[in-house]
file coords-v2.txt (compact mmCIF, C-alpha atoms)
# COMPACT_ATOMS: atom_id res chain seq x y z
CA MET F 1032 91.29 -16.80 -43.25
CA ASN F 1033 92.64 -17.48 -46.66
CA LEU F 1034 89.89 -19.95 -47.37
CA THR F 1035 87.23 -17.56 -46.24
CA SER F 1036 88.42 -14.77 -48.49
CA LYS F 1037 88.81 -17.11 -51.46
CA ALA F 1038 85.30 -18.46 -51.00
CA ASN F 1039 83.87 -14.98 -50.94
CA CYS F 1040 86.02 -13.30 -53.55
CA GLY F 1041 84.57 -15.05 -56.58
CA SER F 1042 81.02 -13.56 -56.22
CA ARG F 1043 81.21 -10.38 -54.25
CA PRO F 1044 84.63 -8.88 -54.09
CA ARG F 1045 83.70 -5.76 -52.15
CA MET F 1046 81.92 -7.66 -49.50
CA ALA F 1047 84.89 -9.90 -49.27
CA VAL F 1048 87.07 -6.98 -48.44
CA GLY F 1049 84.62 -5.93 -45.78
CA VAL F 1050 84.37 -9.39 -44.28
CA THR F 1051 88.11 -9.74 -44.28
CA ALA F 1052 88.52 -6.43 -42.57
CA VAL F 1053 85.92 -7.35 -40.00
CA LEU F 1054 87.58 -10.66 -39.39
CA LEU F 1055 90.96 -9.01 -39.03
CA LEU F 1056 89.55 -6.44 -36.66
CA ALA F 1057 87.80 -9.11 -34.68
CA ALA F 1058 91.05 -10.99 -34.44
CA CYS F 1059 92.80 -7.92 -33.16
CA ALA F 1060 90.07 -6.92 -30.77
CA SER F 1061 89.62 -10.26 -29.02
CA THR F 1062 92.47 -11.30 -26.74
CA PRO F 1063 94.13 -14.45 -28.14
CA PRO F 1064 94.60 -17.29 -25.65
CA ALA F 1065 97.83 -17.39 -23.70
CA PRO F 1066 100.41 -19.85 -25.15
CA THR F 1067 99.91 -22.15 -22.19
CA ALA F 1068 101.30 -25.26 -23.86
CA ASN F 1069 104.49 -23.46 -24.95
CA LEU F 1070 104.96 -21.98 -21.48
CA GLN F 1071 104.54 -25.39 -19.87
CA ALA F 1072 106.94 -26.95 -22.30
CA ALA F 1073 109.52 -24.26 -21.43
CA GLN F 1074 109.01 -24.82 -17.69
CA GLN F 1075 109.43 -28.56 -18.08
CA ALA F 1076 112.56 -28.11 -20.18
CA ILE F 1077 114.03 -25.81 -17.52
CA ALA F 1078 113.15 -28.25 -14.73
CA ALA F 1079 114.78 -31.09 -16.66
CA ALA F 1080 117.90 -29.01 -17.24
CA GLU F 1081 118.09 -28.16 -13.54
CA ARG F 1082 117.71 -31.83 -12.60
CA SER F 1083 120.68 -32.64 -14.83
CA GLU F 1084 122.88 -30.12 -12.99
CA ALA F 1085 122.81 -27.63 -15.86
CA ALA F 1086 123.48 -24.89 -13.29
CA ARG F 1087 126.95 -26.39 -13.01
CA TYR F 1088 127.69 -27.41 -16.59
CA ALA F 1089 125.71 -24.86 -18.66
CA PRO F 1090 124.92 -21.95 -16.35
CA GLY F 1091 124.75 -19.37 -19.19
CA GLU F 1092 122.13 -21.28 -21.16
CA LEU F 1093 120.09 -22.11 -18.06
CA SER F 1094 120.06 -18.51 -16.97
CA GLU F 1095 119.07 -17.44 -20.48
CA ALA F 1096 116.19 -19.94 -20.41
CA HIS F 1097 114.98 -18.47 -17.11
CA ILE F 1098 115.15 -14.95 -18.51
CA LYS F 1099 113.23 -15.92 -21.63
CA LEU F 1100 110.56 -17.60 -19.55
CA ALA F 1101 110.25 -14.50 -17.39
CA LEU F 1102 109.92 -12.37 -20.54
CA ALA F 1103 107.24 -14.75 -21.81
CA ASP F 1104 105.31 -14.46 -18.54
CA SER F 1105 105.60 -10.70 -18.62
CA ALA F 1106 104.38 -10.66 -22.25
CA VAL F 1107 101.38 -12.77 -21.23
CA SER F 1108 100.51 -10.28 -18.55
CA GLU F 1109 100.73 -7.53 -21.18
CA LYS F 1110 98.44 -9.61 -23.41
CA LYS F 1111 101.19 -9.82 -26.05
CA MET F 1112 100.52 -13.46 -26.70
CA VAL F 1113 102.52 -13.77 -29.92
CA VAL F 1114 105.56 -12.33 -28.21
CA ALA F 1115 104.88 -14.52 -25.19
CA GLU F 1116 104.76 -17.62 -27.38
CA ARG F 1117 108.08 -16.74 -29.02
CA PHE F 1118 109.79 -16.14 -25.68
CA ALA F 1119 108.33 -19.38 -24.36
CA ASP F 1120 109.69 -21.27 -27.38
CA GLN F 1121 113.07 -19.58 -27.05
CA SER F 1122 113.15 -20.43 -23.35
CA ARG F 1123 112.44 -24.06 -24.14
CA ALA F 1124 115.10 -24.17 -26.87
CA GLU F 1125 117.60 -22.58 -24.50
CA ALA F 1126 116.75 -25.01 -21.69
CA GLU F 1127 117.06 -27.98 -24.05
CA LEU F 1128 120.43 -26.65 -25.16
CA ALA F 1129 121.47 -26.35 -21.50
CA SER F 1130 120.50 -30.00 -20.93
CA ALA F 1131 122.33 -31.17 -24.04
CA LYS F 1132 125.49 -29.23 -23.13
CA THR F 1133 125.30 -30.61 -19.60
CA SER F 1134 125.08 -34.18 -20.80
CA ALA F 1135 127.98 -33.61 -23.21
CA ALA F 1136 130.12 -32.07 -20.47
CA LYS F 1137 129.33 -34.95 -18.10
CA ALA F 1138 130.07 -37.57 -20.75
CA ASN F 1139 133.36 -35.90 -21.60
CA ALA F 1140 134.26 -35.63 -17.90
CA VAL F 1141 133.68 -39.35 -17.47
CA ASN F 1142 135.85 -40.08 -20.52
CA ASP F 1143 138.59 -37.75 -19.33
CA GLU F 1144 138.59 -39.48 -15.96
CA MET F 1145 138.82 -42.86 -17.65
CA LYS F 1146 141.64 -41.68 -19.89
CA HIS F 1147 143.44 -40.29 -16.87
CA SER F 1148 143.08 -43.46 -14.83
CA ASN F 1149 144.11 -45.58 -17.82
CA GLY F 1150 147.17 -43.40 -18.20
CA THR F 1151 147.90 -43.77 -14.50
CA LEU F 1152 147.59 -47.54 -14.73
CA VAL F 1153 149.95 -47.68 -17.67
CA ASP F 1154 152.38 -45.31 -15.95
CA GLU F 1155 152.31 -47.31 -12.74
CA MET F 1156 152.96 -50.48 -14.63
CA LYS F 1157 155.85 -48.89 -16.50
CA ARG F 1158 157.28 -47.60 -13.24
CA GLY F 1159 156.78 -51.02 -11.66
CA SER F 1160 158.62 -52.71 -14.50
CA GLY F 1161 161.28 -50.01 -14.37
CA ASP F 1162 162.11 -50.99 -10.82
CA LYS F 1163 162.72 -54.57 -11.75
CA PRO F 1164 166.18 -55.22 -13.06
CA MET J 1040 98.52 -8.95 -47.71
CA ASN J 1041 98.71 -11.62 -50.32
CA THR J 1042 94.98 -12.11 -50.11
CA ILE J 1043 94.18 -8.48 -50.55
CA ASN J 1044 96.41 -8.18 -53.65
CA HIS J 1045 94.87 -11.29 -55.01
CA SER J 1046 91.28 -10.13 -54.62
CA ASN J 1047 92.09 -6.76 -56.12
CA VAL J 1048 93.65 -8.30 -59.18
CA ILE J 1049 90.68 -10.61 -59.70
CA VAL J 1050 88.30 -7.70 -59.50
CA ARG J 1051 89.84 -6.01 -62.52
CA SER J 1052 90.40 -8.92 -64.84
CA THR J 1053 91.65 -12.42 -64.83
CA LEU J 1054 94.21 -11.75 -67.56
CA ILE J 1055 95.63 -8.76 -65.83
CA ALA J 1056 95.61 -10.76 -62.68
CA THR J 1057 97.70 -13.43 -64.27
CA ALA J 1058 100.18 -10.87 -65.56
CA VAL J 1059 100.39 -9.10 -62.24
CA ALA J 1060 100.75 -12.42 -60.47
CA SER J 1061 103.59 -13.27 -62.78
CA ILE J 1062 105.25 -9.97 -62.04
CA LEU J 1063 104.70 -10.49 -58.33
CA LEU J 1064 106.14 -13.95 -58.51
CA ALA J 1065 109.10 -12.64 -60.47
CA ALA J 1066 109.55 -9.97 -57.86
CA ALA J 1067 109.28 -12.61 -55.17
CA CYS J 1068 111.95 -14.59 -56.95
CA ALA J 1069 114.15 -11.53 -57.15
CA THR J 1070 113.87 -10.94 -53.39
CA ALA J 1071 114.03 -14.67 -52.47
CA PRO J 1072 117.80 -14.76 -51.91
CA VAL J 1073 117.43 -12.25 -49.09
CA LYS J 1074 117.59 -14.49 -46.08
CA PRO J 1075 117.11 -13.25 -42.53
CA ASP J 1076 120.22 -12.16 -40.70
CA GLY J 1077 121.94 -15.02 -38.90
CA ALA J 1078 120.29 -17.76 -40.95
CA ALA J 1079 123.43 -18.25 -42.99
CA GLU J 1080 125.50 -18.68 -39.82
CA ALA J 1081 123.04 -21.24 -38.47
CA ARG J 1082 123.20 -23.10 -41.78
CA ALA J 1083 126.99 -23.02 -41.74
CA LYS J 1084 127.09 -24.49 -38.22
CA LEU J 1085 124.61 -27.16 -39.22
CA THR J 1086 126.62 -28.04 -42.33
CA GLN J 1087 129.75 -28.35 -40.24
CA LEU J 1088 127.94 -30.66 -37.84
CA GLN J 1089 126.53 -32.75 -40.71
CA SER J 1090 129.96 -33.15 -42.27
CA ASP J 1091 131.67 -34.17 -39.02
CA PRO J 1092 132.15 -37.95 -39.39
CA ASN J 1093 132.22 -38.40 -35.60
CA LEU J 1094 128.99 -36.48 -35.00
CA ALA J 1095 126.81 -36.55 -38.11
CA SER J 1096 125.33 -39.99 -37.52
CA ARG J 1097 125.13 -39.75 -33.74
CA ALA J 1098 122.11 -37.47 -33.15
CA ALA J 1099 120.08 -38.07 -36.28
CA VAL J 1100 116.73 -36.91 -34.86
CA ALA J 1101 118.13 -33.75 -33.29
CA ILE J 1102 120.02 -32.92 -36.47
CA LYS J 1103 116.88 -33.42 -38.51
CA ASP J 1104 114.99 -31.06 -36.19
CA ALA J 1105 117.79 -28.53 -36.42
CA ASP J 1106 117.76 -28.81 -40.20
CA ALA J 1107 114.02 -28.14 -40.28
CA ALA J 1108 114.50 -25.15 -37.97
CA VAL J 1109 117.26 -23.78 -40.19
CA ARG J 1110 115.07 -24.17 -43.26
CA ILE J 1111 112.32 -22.15 -41.59
CA ALA J 1112 114.86 -19.55 -40.50
CA GLU J 1113 116.14 -19.25 -44.03
CA GLN J 1114 112.71 -18.32 -45.41
CA PRO J 1115 112.55 -14.68 -46.34
CA GLU J 1116 110.49 -12.89 -43.76
CA LEU J 1117 109.64 -9.22 -43.72
CA ASN J 1118 108.67 -9.37 -40.07
CA LYS J 1119 112.09 -8.83 -38.57
CA GLU J 1120 111.09 -10.00 -35.15
CA LEU J 1121 109.68 -13.25 -36.47
CA ALA J 1122 112.75 -13.74 -38.63
CA ALA J 1123 115.05 -13.13 -35.68
CA HIS J 1124 112.98 -15.52 -33.57
CA ARG J 1125 113.28 -18.26 -36.18
CA VAL J 1126 117.02 -17.73 -36.47
CA TYR J 1127 117.31 -17.85 -32.69
CA LEU J 1128 115.48 -21.19 -32.52
CA ALA J 1129 117.48 -22.60 -35.43
CA ASP J 1130 120.75 -21.56 -33.83
CA ARG J 1131 119.86 -23.18 -30.47
CA LYS J 1132 118.61 -26.34 -32.13
CA VAL J 1133 121.82 -26.73 -34.10
CA ASP J 1134 123.85 -26.23 -30.90
CA THR J 1135 121.62 -28.70 -29.08
CA ALA J 1136 122.02 -31.30 -31.83
CA LYS J 1137 125.78 -30.81 -31.73
CA ALA J 1138 125.89 -31.24 -27.94
CA LEU J 1139 123.74 -34.38 -28.13
CA ALA J 1140 125.93 -35.82 -30.88
CA GLU J 1141 129.01 -35.06 -28.77
CA THR J 1142 127.38 -36.83 -25.83
CA ARG J 1143 126.69 -39.91 -27.91
CA PHE J 1144 130.19 -39.81 -29.34
CA ALA J 1145 131.70 -39.68 -25.83
CA GLU J 1146 129.48 -42.55 -24.72
CA ASP J 1147 130.48 -44.61 -27.74
CA GLN J 1148 134.13 -43.95 -27.03
CA ARG J 1149 133.66 -45.32 -23.53
CA ALA J 1150 133.58 -48.91 -24.73
CA GLY J 1151 137.01 -48.38 -26.22
CA LEU J 1152 138.25 -46.73 -23.04
CA THR J 1153 136.86 -49.55 -20.94
CA ALA J 1154 138.61 -52.05 -23.18
CA GLN J 1155 141.78 -50.00 -22.84
CA ARG J 1156 141.39 -49.94 -19.07
CA ASP J 1157 140.74 -53.67 -18.93
CA SER J 1158 143.76 -54.26 -21.10
CA ALA J 1159 145.88 -52.00 -18.90
CA ARG J 1160 144.59 -53.77 -15.79
CA LEU J 1161 145.25 -57.13 -17.34
CA ASP J 1162 148.75 -56.01 -18.22
CA ALA J 1163 149.24 -54.73 -14.69
CA ARG J 1164 147.99 -58.00 -13.22
CA THR J 1165 150.04 -60.05 -15.62
CA HIS J 1166 152.99 -57.96 -14.65
CA GLU J 1167 152.24 -58.40 -10.95
CA ALA J 1168 151.81 -62.12 -11.45
CA ASP J 1169 155.09 -62.28 -13.34
CA ALA J 1170 156.81 -60.30 -10.62
CA ALA J 1171 155.31 -62.61 -8.01
CA LYS J 1172 156.44 -65.60 -10.03
CA VAL J 1173 159.93 -64.19 -10.23
CA GLN J 1174 159.84 -63.51 -6.51
CA ALA J 1175 158.60 -67.00 -5.81
CA ALA J 1176 161.28 -68.45 -8.05
CA THR J 1177 163.89 -66.34 -6.30
CA ALA J 1178 162.55 -67.42 -2.94
CA ARG J 1179 162.56 -71.02 -4.10
CA ALA J 1180 166.10 -70.66 -5.36
CA GLU J 1181 167.09 -69.06 -2.08
CA GLY J 1182 165.32 -71.81 -0.23
CA ALA J 1183 167.12 -74.41 -2.30
CA GLU J 1184 170.37 -72.62 -1.67
CA GLN J 1185 169.68 -72.50 2.03
CA LYS J 1186 168.74 -76.15 2.01
CA LEU J 1187 171.93 -76.91 0.16
CA ALA J 1188 173.88 -74.91 2.72
CA ALA J 1189 172.04 -76.67 5.52
CA ASP J 1190 172.68 -80.05 3.91
CA GLN J 1191 176.30 -79.12 3.49
CA ALA J 1192 176.51 -77.96 7.08
CA ARG J 1193 174.84 -81.18 8.18
CA SER J 1194 177.15 -83.24 6.08
CA GLU J 1195 180.13 -81.31 7.39
CA ALA J 1196 178.87 -81.82 10.88
CA GLY J 1197 178.43 -85.47 10.05
CA ALA J 1198 181.95 -85.60 8.67
CA ALA J 1199 183.25 -83.84 11.74
CA GLN J 1200 181.34 -86.27 13.89
CA LEU J 1201 182.71 -89.10 11.84
CA ALA J 1202 186.19 -87.64 12.07
CA ALA J 1203 185.74 -87.14 15.77
CA ALA J 1204 184.47 -90.68 16.11
CA SER J 1205 187.30 -91.91 13.96
CA SER J 1206 189.89 -89.93 15.88
CA GLU J 1207 188.35 -91.18 19.09
CA GLN J 1208 188.54 -94.67 17.68
CA GLN J 1209 192.13 -94.10 16.64
CA ALA J 1210 193.01 -92.73 20.02
CA ALA J 1211 191.39 -95.72 21.61
CA GLU J 1212 193.30 -98.02 19.30
CA LEU J 1213 196.55 -96.25 20.04
CA GLN J 1214 195.88 -96.54 23.72
CA ARG J 1215 195.16 -100.21 23.24
CA GLN J 1216 198.45 -100.64 21.34
CA ILE J 1217 200.28 -98.71 24.01
CA ASP J 1218 198.74 -100.92 26.64
CA VAL J 1219 199.84 -103.97 24.68
CA LEU J 1220 203.39 -102.58 24.58
CA GLN J 1221 203.17 -101.72 28.24
CA ALA J 1222 204.68 -98.36 27.25
CA LYS J 1223 204.46 -95.37 29.54
CA PRO J 1224 203.56 -91.97 28.22
CA THR J 1225 206.19 -89.44 29.31
CA ASP J 1226 207.39 -85.97 28.27
CA ARG J 1227 209.87 -87.58 25.87
CA GLY J 1228 207.18 -89.72 24.28
CA LEU J 1229 206.04 -93.27 24.87
CA VAL J 1230 208.71 -95.10 26.77
CA LEU J 1231 208.92 -98.86 26.37
CA THR J 1232 211.35 -100.46 28.78
CA LEU J 1233 212.84 -103.71 27.64
CA GLY J 1234 214.22 -105.51 30.65
CA ASP J 1235 217.51 -107.37 30.80
CA VAL J 1236 215.65 -110.61 30.21
CA LEU J 1237 216.40 -109.97 26.54
CA PHE J 1238 220.12 -110.29 27.05
CA THR J 1239 222.47 -112.73 28.62
CA THR J 1240 224.50 -111.03 31.33
CA GLY J 1241 227.54 -109.28 29.88
CA ARG J 1242 226.49 -109.92 26.32
CA ALA J 1243 224.73 -107.77 23.72
CA ASP J 1244 223.01 -110.27 21.46
CA LEU J 1245 219.31 -110.87 21.98
CA LYS J 1246 218.19 -114.08 23.56
CA PRO J 1247 216.37 -116.17 20.95
CA GLY J 1248 212.64 -116.50 21.75
CA ALA J 1249 212.73 -113.49 24.00
CA THR J 1250 211.66 -111.07 21.29
CA GLY J 1251 207.90 -111.08 22.01
CA ASN J 1252 207.94 -107.50 23.27
CA LEU J 1253 210.03 -106.35 20.30
CA ASP J 1254 207.58 -107.95 17.85
CA LYS J 1255 204.76 -105.96 19.45
CA LEU J 1256 206.92 -102.86 18.91
CA VAL J 1257 207.38 -103.78 15.24
CA ALA J 1258 203.63 -104.13 14.83
CA PHE J 1259 203.11 -100.78 16.51
CA LEU J 1260 205.67 -99.02 14.31
CA ASN J 1261 204.14 -100.58 11.22
CA LYS J 1262 200.75 -99.26 12.27
CA TYR J 1263 202.03 -95.76 13.02
CA PRO J 1264 204.58 -95.09 10.29
CA ASP J 1265 204.98 -91.42 11.20
CA ARG J 1266 206.60 -92.26 14.51
CA SER J 1267 210.30 -92.61 14.97
CA VAL J 1268 212.11 -94.43 17.73
CA ALA J 1269 215.08 -93.59 19.95
CA ILE J 1270 216.72 -96.69 21.40
CA GLN J 1271 218.78 -96.07 24.53
CA GLY J 1272 220.84 -98.72 26.29
CA TYR J 1273 221.55 -98.63 30.05
CA THR J 1274 223.62 -100.76 32.37
CA ASP J 1275 224.10 -101.15 36.08
CA SER J 1276 227.17 -99.87 37.85
CA VAL J 1277 229.01 -103.20 37.86
CA GLY J 1278 232.20 -103.04 35.82
CA THR J 1279 234.15 -100.20 34.36
CA GLU J 1280 232.43 -97.17 32.91
CA ASP J 1281 234.01 -97.77 29.55
CA PHE J 1282 232.77 -101.37 29.43
CA ASN J 1283 229.29 -100.38 30.51
CA GLN J 1284 229.24 -97.58 27.93
CA ARG J 1285 230.19 -99.93 25.10
CA LEU J 1286 227.82 -102.63 26.38
CA SER J 1287 224.93 -100.20 26.48
CA GLU J 1288 225.71 -99.06 22.95
CA ARG J 1289 225.92 -102.62 21.61
CA ARG J 1290 222.65 -103.60 23.24
CA ALA J 1291 220.94 -100.54 21.78
CA ASP J 1292 222.40 -101.42 18.40
CA SER J 1293 221.17 -105.02 18.77
CA VAL J 1294 217.62 -103.78 19.25
CA LYS J 1295 217.97 -101.43 16.27
CA SER J 1296 219.33 -104.28 14.10
CA TYR J 1297 216.45 -106.47 15.07
CA LEU J 1298 213.95 -103.77 14.16
CA THR J 1299 215.54 -103.00 10.80
CA GLY J 1300 215.62 -106.74 10.20
CA GLN J 1301 211.83 -106.70 10.74
CA GLY J 1302 211.40 -104.01 8.03
CA ILE J 1303 211.43 -100.80 10.03
CA GLY J 1304 213.30 -98.07 8.12
CA SER J 1305 216.63 -97.28 9.73
CA THR J 1306 215.98 -93.58 9.30
CA ARG J 1307 213.22 -93.89 11.86
CA LEU J 1308 215.62 -95.47 14.33
CA SER J 1309 218.44 -94.08 16.42
CA ALA J 1310 220.56 -96.06 18.90
CA LEU J 1311 222.43 -94.57 21.84
CA GLY J 1312 224.40 -96.04 24.73
CA LYS J 1313 224.02 -94.32 28.06
CA GLY J 1314 226.18 -96.63 30.17
CA ARG J 1315 225.38 -96.61 33.84
CA ASN J 1316 223.85 -93.12 33.72
CA ASP J 1317 220.28 -92.38 34.65
CA PRO J 1318 219.65 -95.35 36.89
CA VAL J 1319 216.00 -96.00 37.55
CA ALA J 1320 216.73 -97.96 40.75
CA ASP J 1321 219.37 -98.45 43.46
CA ASN J 1322 222.46 -100.28 42.18
CA ASP J 1323 223.13 -101.62 45.70
CA SER J 1324 220.52 -104.32 45.49
CA ALA J 1325 220.33 -107.09 42.93
CA THR J 1326 216.74 -106.11 42.13
CA GLY J 1327 217.80 -102.50 41.64
CA ARG J 1328 220.69 -103.44 39.39
CA GLN J 1329 218.42 -105.69 37.33
CA GLN J 1330 216.02 -102.73 36.85
CA ASN J 1331 218.89 -100.53 35.79
CA ARG J 1332 220.04 -102.99 33.11
CA ARG J 1333 217.60 -102.11 30.42
CA VAL J 1334 216.98 -100.80 26.93
CA GLU J 1335 214.48 -98.01 26.72
CA VAL J 1336 212.64 -97.57 23.44
CA ILE J 1337 211.30 -94.04 23.24
CA ILE J 1338 208.57 -93.68 20.65
CA SER J 1339 208.34 -90.03 19.61
CA ASN J 1340 205.01 -88.30 19.53
CA PRO J 1341 203.87 -87.68 15.95
CA PRO J 1342 204.38 -84.14 14.50
CA ALA J 1343 200.71 -83.31 15.07
CA ALA J 1344 200.14 -85.08 18.33
CA LEU J 1345 197.35 -87.60 18.14
CA ARG J 1346 196.70 -87.26 21.76

call {"tool": "encode", "arguments": {"input": "coords-v2.txt", "output": "C-alpha cells"}}
result
Amino acid sequence: MNLTSKANCGSRPRMAVGVTAVLLLAACASTPPAPTANLQAAQQAIAAAERSEAARYAPGELSEAHIKLALADSAVSEKKMVVAERFADQSRAEAELASAKTSAAKANAVNDEMKHSNGTLVDEMKRGSGDKP
Amino acid sequence: MNTINHSNVIVRSTLIATAVASILLAAACATAPVKPDGAAEARAKLTQLQSDPNLASRAAVAIKDADAAVRIAEQPELNKELAAHRVYLADRKVDTAKALAETRFAEDQRAGLTAQRDSARLDARTHEADAAKVQAATARAEGAEQKLAADQARSEAGAAQLAAASSEQQAAELQRQIDVLQAKPTDRGLVLTLGDVLFTTGRADLKPGATGNLDKLVAFLNKYPDRSVAIQGYTDSVGTEDFNQRLSERRADSVKSYLTGQGIGSTRLSALGKGRNDPVADNDSATGRQQNRRVEVIISNPPAALR
C-alpha cells in the first residue's frame, strides 16, 4: 500500500488520495481470508500439549488455549479475521506454554524421585551401618 | 495515516514537508518512551531469565524468540488491542522459554543425580560386601573355634581312652602281679598267706632259700608304692597261749625285718602276732595245724582303689 501511494504521490497527489481511499475501501469491503495457518498451528500446539499430559501438569494454560481457540473460531464465523488471527496466535502461545510447563514439571518430578530414592539409599545404608557394632 | 500526512506535506512544499517531518519525528521521539502496558513486566521477566546462570544458556532459541516478542511488545502502539495482543504473546513466550530452560536444567542435573545414586548404591553394596565379609570372618572364626573345641573334645576323648586303656592295662598288670603272689582279694585287702614252710618248727627265723614268695612281695610293693602292708603271725594250738602269742609276733617281725632289709619303708609295714586265734583249719589234724601255722601279709587297697 505504501509503495502504491508513494509511486502515485509524486505526479498526481489528488488522484493518489483517491486511489488510496479506494484501495482502503476495497480492503474493508472484501472479506479477508480466514487465518487458517494460525488456527491450524494453534490446534496442533493444543494437541501436542494434550499428548504430553498438560491436562495434568498445566491445566490452566491448556484450558486457556482451548478458550482462545474457541474465540478465534467464533471470530472467524463473525468475519473478524484480524481478531481471529490474534486469538489463534494467543491460543498457540498458551498451548506451547502448557507443553513447556508440563515438560518442566515432569522433569522436576523425575529429579525429585531420584533425590528421594538417593536419600533413601543413603539413609538405609546409614541405618544398616548403625546396626553393626 | 503516515502515508496521508506524507502526501499532504509533499503537496504544499518540499521544504515545509521537511520541517513538518522533523517536527513529527521529534514528536514521535517525545512519545517513544510510552510503551504498551505490561511490556515492561514482560521485559523484566525476560531479564530475570537471561540473568539466571542456571537457565540463561539452557533454552537459547526459546529465549531469543521471547526476546524478539518482547521487543515487538515494547514498540509504541496506538492500537490498544494490538498492543495488548503483543504483550500477551511476549509474556507467554517468556514463560515458555523459562519452562523449557527449567526442563533442560532438570535434565542436566539428572546426570549428577544418577552419579549420586550410583555412588550411593556402590556404597551400599560395598557396605553389604563388608558386612558379608565380617559375617564370613565371624563364621570362619566360629567354625575354627568349633573345630578347636571338637579337636579338644576328640583329644580329651583320646586321652580318656588312653587313660582307660592305661588303667585297664594297669589293672591287668596288678591282677597279673596278684596272681604271681597267689594273693587273694578279700574285704581287708589282698591277703598273701605265707605257709609255715618259711620257718623251722618252733622257731621264728626265716629258712634260708625259702624267701621266693617274699621276694615277689618286695617286687610288688616296689611297683605299688602307695600300698602298705599288715603282717600278721598265726600259730596252731600246740603249746601254751603265751608261747604261741610270742612266736606269732616274732614270726611277723621276721617277715617285717626281711622286707625292710629289702628296702621297703618301715612306715608302710606293721607286724602283729595273733597267736592261735583265727584258725583257718582244724587243729585236730596235722594238715589243719600246718595250715593254721602261717603268716598272712595283708596288702591294703590304695586310697583311691585301683580296682

call {"tool": "interface_residues", "arguments": {"input": "coords-v2.txt", "of": "chain F", "to": "chain J", "cutoff": "7 Å", "atoms": "all atoms listed in the file", "output": "PyMOL selection string"}}
result
chain F and resi 1033+1040+1044+1117+1121+1124-1125+1127-1128+1131-1132+1134-1135+1138-1139+1142+1145-1146+1149+1152-1153+1156

call {"tool": "residues_around", "arguments": {"input": "coords-v2.txt", "residues": "Ala1080 (chain F)", "least_positions_apart": "6", "cutoff": "9 Å", "atoms": "only C-alpha atoms", "output": "PyMOL selection string"}}
result
chain F and resi 1086+1089+1093+1126-1131+1133

call {"tool": "closest_residue", "arguments": {"input": "coords-v2.txt", "among": "J:Asp1106, J:Asp1244, J:Glu1335, J:Asp1317", "to": "Ala1269 (chain J)", "atoms": "only C-alpha atoms"}}
result
J:Glu1335

call {"tool": "atom_distance", "arguments": {"input": "coords-v2.txt", "atom1": "CA of Ile1077 (chain F)", "atom2": "CA of Ala1136 (chain F)"}}
result
17.5 Å

call {"tool": "atom_distance", "arguments": {"input": "coords-v2.txt", "atom1": "CA of Glu1288 (chain J)", "atom2": "CA of Gly1302 (chain J)"}}
result
21.3 Å

call {"tool": "atom_distance", "arguments": {"input": "coords-v2.txt", "atom1": "CA of Ile1098 (chain F)", "atom2": "CA of Ala1140 (chain F)"}}
result
28.2 Å

call {"tool": "closest_residue", "arguments": {"input": "coords-v2.txt", "among": "F:Asp1154, F:Ser1148, F:Thr1062, F:Ala1068", "to": "Ser1108 (chain F)", "atoms": "only C-alpha atoms"}}
result
F:Thr1062

call {"tool": "residues_around", "arguments": {"input": "coords-v2.txt", "residues": "Glu1080 (chain J)", "least_positions_apart": "3", "cutoff": "10 Å", "atoms": "all atoms listed in the file", "output": "list in words"}}
result
Asp1076, Gly1077, Ala1083, Lys1084, Leu1085, Thr1086, Val1109, Val1126, Ala1129 and Asp1130 of chain J

call {"tool": "closest_residue", "arguments": {"input": "coords-v2.txt", "among": "J:Leu1187, J:Val1230, J:Ala1325, J:Val1336", "to": "Lys1295 (chain J)", "atoms": "only C-alpha atoms"}}
result
J:Val1336

call {"tool": "closest_residue", "arguments": {"input": "coords-v2.txt", "among": "J:Pro1075, J:Arg1193, J:Tyr1263, J:Ala1198", "to": "Ala1210 (chain J)", "atoms": "all atoms listed in the file"}}
result
J:Tyr1263

call {"tool": "residues_around", "arguments": {"input": "coords-v2.txt", "residues": "Lys1111 (chain F)", "least_positions_apart": "2", "cutoff": "12 Å", "atoms": "all atoms listed in the file", "output": "JSON, numbers by chain"}}
result
{"F": [1059, 1061, 1062, 1063, 1064, 1065, 1066, 1102, 1103, 1104, 1105, 1106, 1107, 1108, 1109, 1113, 1114, 1115, 1116, 1117, 1118]}
